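Reading through the structure tokens given below for one structure.
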Amino acid sequence: MGEGLLDTALGGEEEQPEGEALAPLAGAASGAEAFAAAVAAIASRQDPGVALKTQEFLSDQSHLLKVYIKNIEDEHELRLAHLRNQLREQWIRRSGLRLRVAFQLFVALVATVIGVGILVMLRDAFTSRSVVVESFDAPAALAERGVTGKVVAAGLLDELRRLQSATRADAAKRELSSAWAGEIELAVPEAGISYSEMSRLLKDRFGQDVHIDGDLVQTEAGGLALTVRGDKVEPKTFYGAANELEKLTTDAAQYVCSQQEPVMWAYYLLNRGRMEETIIFSRAAVAGADKSDRPYLLNTWANAITFTGKPREGLALYRAALKLKPDYWVAHNNIINTLWGLGDEEGAWKAGEEMRRIAAGRPGRAPETYYQNVDALVWDLARWRDSSVADADASGGLGSNVGGSVQITIADIDIRLHDLADADIMLQTVKPDPADASNAVMTHFIRGRLAAEAGDIVRAVTEMETFGEMFRDPAIRYSFPGYSCWIAPVEEAAGHPGKADAALASAGTYVDCYRFRADIFDGRGDWPGAQKAYAEAVALAPDLPAAYYSWGLALARHGDLAAAVAKLQNANQRGPRWADPLKAWGDVLVRQGHPKQARAKYDEALRLAPNWGALRAARAAVAAA
């Protein structure tokens with residue numbers, strides 16, 4: 001019985017709860033006591049001695065069983081405690097493992113960050129092309145006036161930044177990677193070794209930074225002498241009065257710029273309208289300049305020569321720049337503009353097609369900005385406007401083209417898109433630039449065009465005549481080729497036929513001049529002369545759309561609708577993104593009794609000129625009919 005109870009307590013297959021495991025043993029102990037009493041009673045009837053011994057034996061067995069049960073209970077408690085300890089140790093081990101893995105990951109992350117930081121520092125060091133202005137030496141006597149070495153360096157730094165921001169065709173635009181294309185910073189010594197100090201040491205060792213320093217001294221006469229020197233900058237001293245420190249720093253900054261970055265300085269001179277200085281400097285610098293700089297110096301030289309009235313010499317220099325750098329898109333664009341300025345619009349269009357070929361199509365390698373002349377020739381006004389807006393956004397509102405504010409250009413495009421309200425707004429946002437005379441000239445042109453579109457012929461004549469007087473400047477004339485042609489229609493509308501003829505005679509061989517002459521002949525009743533002039537306009541540039549468009553309008557006025565459709569279709573083929581031929585084509589279709597086809601033309605035109613009021617009215621009328 002005892003062994004059976006032991007097997008039940010210790011040999012079971014499943015672990016039982018404490019109460020369930022010990023209950024059978026407790027029952028067994030109670031049963032043993034009852035059994036001992038019963039056996040003793042029976043034995044006492046036969047032999048009292050046997051009964052006594054039997055009772056003692058059974059009592060001992062019962063006591064042993066109780067002790068055994070007690071041991072089992074104690075072992076069970078110990079076993080539970082052991083199991084709890086094992087679970088706790090297992091949790092601790094798992095937690096420790098997690099902490100160890102997390103620490104290892106943290107160490108790996110820190111090491112990665114440090115490694116990346118080192119790589120970034122090394123990369124920055126090897127690619128660093130900044131201008132670092134060191135603190136200048138200055139006498140202690142000047143410190144009482146607030147003139148310290150740091151103040152002098154800061155003044156030079158400010159002037160360098162002004163030169164950089166004032167240069168439209170800067171390093172970023174001309175795709176050069178030079179010291180001036182990066183950040184200009186003022187170096188201030190730091191105590192101890194920091195991250196920035198380590199970065200500077202690496203840049204000093206491996207970078208291509210330009211370091212500028214110098215000294216400021218008081219002359220015996222009480223004036224100031226500012227000396228600058230630096231990498232590839234020969235020391236030069238500038239003298240001035242005691243109150244001319246600002247002038248000295250300006251002169252020193254310009255000298256440093258011309259010595260260290262000749263291309264930027266040439267563009268600065270060009271942007272400020274200093275044409276003769278640009279020619280002299282570019283011509284002198286091109287021979288000794290780095291090979292990568294020569295195309296840009298040839299370009300500034302060509303620009304200045306063109307703007308002083310020698311476009312054919314400029315054209316030769318542009319082509320020389322392209323021989324050195326075939327993907328120099330600025331030079332391609334300038335060739336287009338120069339040919340246009342010479343009155344060869346067909347040649348300008350072909351030069352644009354050549355640029356497109358070299359750029360592997362459009363969009364291709366050439367930025368959209370350099371297709372603006374081509375877009376103007378084919379009246380792709382939406383693209384012209386988009387690239388102008390993008391150019392303004394990328395240049396802080398200045399625009400990268402030499403001559404004229406980009407807001408003037410956008411206003412001009414808006415008028416061609418028949419969006420007069422936006423043109424007026426853009427004219428009001430023109431950033432003043434006293435050094436650029438073209439802003440004032442083109443402001444009169446835009447005002448004249450707005451007045452003419454609004455029917456205010458008196459004001460239009462006043463603005464256009466002022467524009468015509470100012471347009472004689474060669475720099476303006478070659479920046480805006482053919483614009484003087486627009487004077488003639490205004491003079492004719494004002495009843496000044498002599499002035500209209502004179503304006504056309506002096507304007508040049510442009511498609512606009514030829515088609516406006518034809519319009520004037522037609523208005524004067526000379527239809528044969530007008531037909532001849534339209535044909536001459538087409539022959540002047542057969543791949544451009546404007547002459548076909550004007551001829552189509554004239555044919556429609558004379559009731560030859562079939563011939564008008566043919567000319568307007570020719571205009572649409574050569575200028576598929578120009579809304580005006582589509583609108584005129586729709587008008588002719590209405591007269592021919594084809595309202596559905598007319599509405600399709602109007603819809604197509606509206607996608608190109610969405611704010612054209614007359615077009616919207618025509619579309620609404622044909623839809624209602």
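Going by the structure tokens order, chains are called A, B, ..., each with residues numbered from 1, while ligands are numbered from 1 in the order shown.
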
Find the spatial neighbours of Asp422 of chain A, counting only C-alpha atoms, within a cut-off of 10 Å - ignore same-chain residues fewer than 5 positions away - and output them as a PyMOL selection string. chain A and resi 410-411+413-415+417+427-428+611

Sel. of alpha helix (DSSP H) residues, segment 277-402 of chain A, as a PyMOL selection string: chain A and resi 277-286+294-307+311-324+329-341+345-358+372-377+381-394

Between A:Pro139, A:Gly525, A:Gly586, A:Gly575, smallest distance to Ala556 of chain A by only C-alpha atoms belongs to A:Gly586

If we count only C-alpha atoms and set the cut-off at 9 Å, which residues sit around Leu216 of chain A, ignoring sequence neighbours fewer than 2 positions away in its own chain? Please answer as a ChimeraX atom specification. /A:136-139,148-149,152,214,218,224-228

Preceding selection exported with N, CA and C atoms as a CSV table (one decimal), in the first residue's frame:
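The new file out-v8.csv reads:
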```csv
chain,number,residue,atom,x,y,z
A,136,PHE,N,42.3,89.8,-41.3
A,136,PHE,CA,43.4,90.6,-41.7
A,136,PHE,C,44.2,91.1,-40.5
A,137,ASP,N,45.4,91.6,-40.7
A,137,ASP,CA,46.2,92.2,-39.7
A,137,ASP,C,45.8,93.7,-39.7
A,138,ALA,N,45.6,94.3,-38.6
A,138,ALA,CA,45.3,95.7,-38.5
A,138,ALA,C,45.9,96.3,-37.2
A,139,PRO,N,46.4,97.5,-37.2
A,139,PRO,CA,47.1,98.1,-36.1
A,139,PRO,C,46.1,98.3,-34.9
A,148,THR,N,39.0,96.6,-36.9
A,148,THR,CA,39.9,95.5,-36.5
A,148,THR,C,40.1,94.6,-37.8
A,149,GLY,N,41.0,93.6,-37.6
A,149,GLY,CA,41.3,92.7,-38.7
A,149,GLY,C,40.0,92.0,-39.1
A,152,VAL,N,37.7,94.3,-41.2
A,152,VAL,CA,38.2,94.5,-42.6
A,152,VAL,C,37.9,93.2,-43.4
A,214,GLY,N,45.5,89.5,-45.8
A,214,GLY,CA,46.1,90.8,-46.1
A,214,GLY,C,46.3,91.6,-44.8
A,218,GLN,N,48.1,102.2,-41.3
A,218,GLN,CA,47.9,103.7,-41.4
A,218,GLN,C,49.1,104.3,-42.0
A,224,LEU,N,44.9,105.4,-45.2
A,224,LEU,CA,44.8,103.9,-45.0
A,224,LEU,C,45.4,103.3,-46.2
A,225,ALA,N,46.1,102.1,-46.0
A,225,ALA,CA,46.7,101.3,-47.1
A,225,ALA,C,46.3,99.9,-46.8
A,226,LEU,N,45.5,99.4,-47.7
A,226,LEU,CA,44.9,98.0,-47.6
A,226,LEU,C,45.6,97.1,-48.6
A,227,THR,N,46.3,96.1,-48.1
A,227,THR,CA,47.0,95.1,-49.0
A,227,THR,C,46.3,93.8,-49.0
A,228,VAL,N,46.0,93.2,-50.1
A,228,VAL,CA,45.4,91.9,-50.2
A,228,VAL,C,46.4,90.9,-50.9
```

Could you tell me how far atom CA of Asn71 of chain A lies from atom CA of Leu87 of chain A, in Å and to one decimal? 24.1 Å

Quick one: residues within 8 Å of Ile487 of chain A, only C-alpha atoms, excluding same-chain residues fewer than 6 positions away - as a VMD selection string? chain A and resid 461 464 to 465 468 500 503

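Considering the residues A:Asp213, A:Asp344, A:Glu353, A:Asp60 and counting only C-alpha atoms, Ser135 of chain A has its shortest atom-to-atom contact with A:Asp213.
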
Which residue gives the smallest distance to Leu270 of chain A among A:Ser292, A:Thr249, A:Ser484, A:Thr300, with only C-alpha atoms counted? A:Thr300

Do you know which residues are at most 12 Å from Gly455 of chain A counting only C-alpha atoms, after dropping those on the same chain fewer than 6 positions away, and could you put them as JSON, numbers by chain? {"A": [448, 449, 461, 490, 493, 494]}
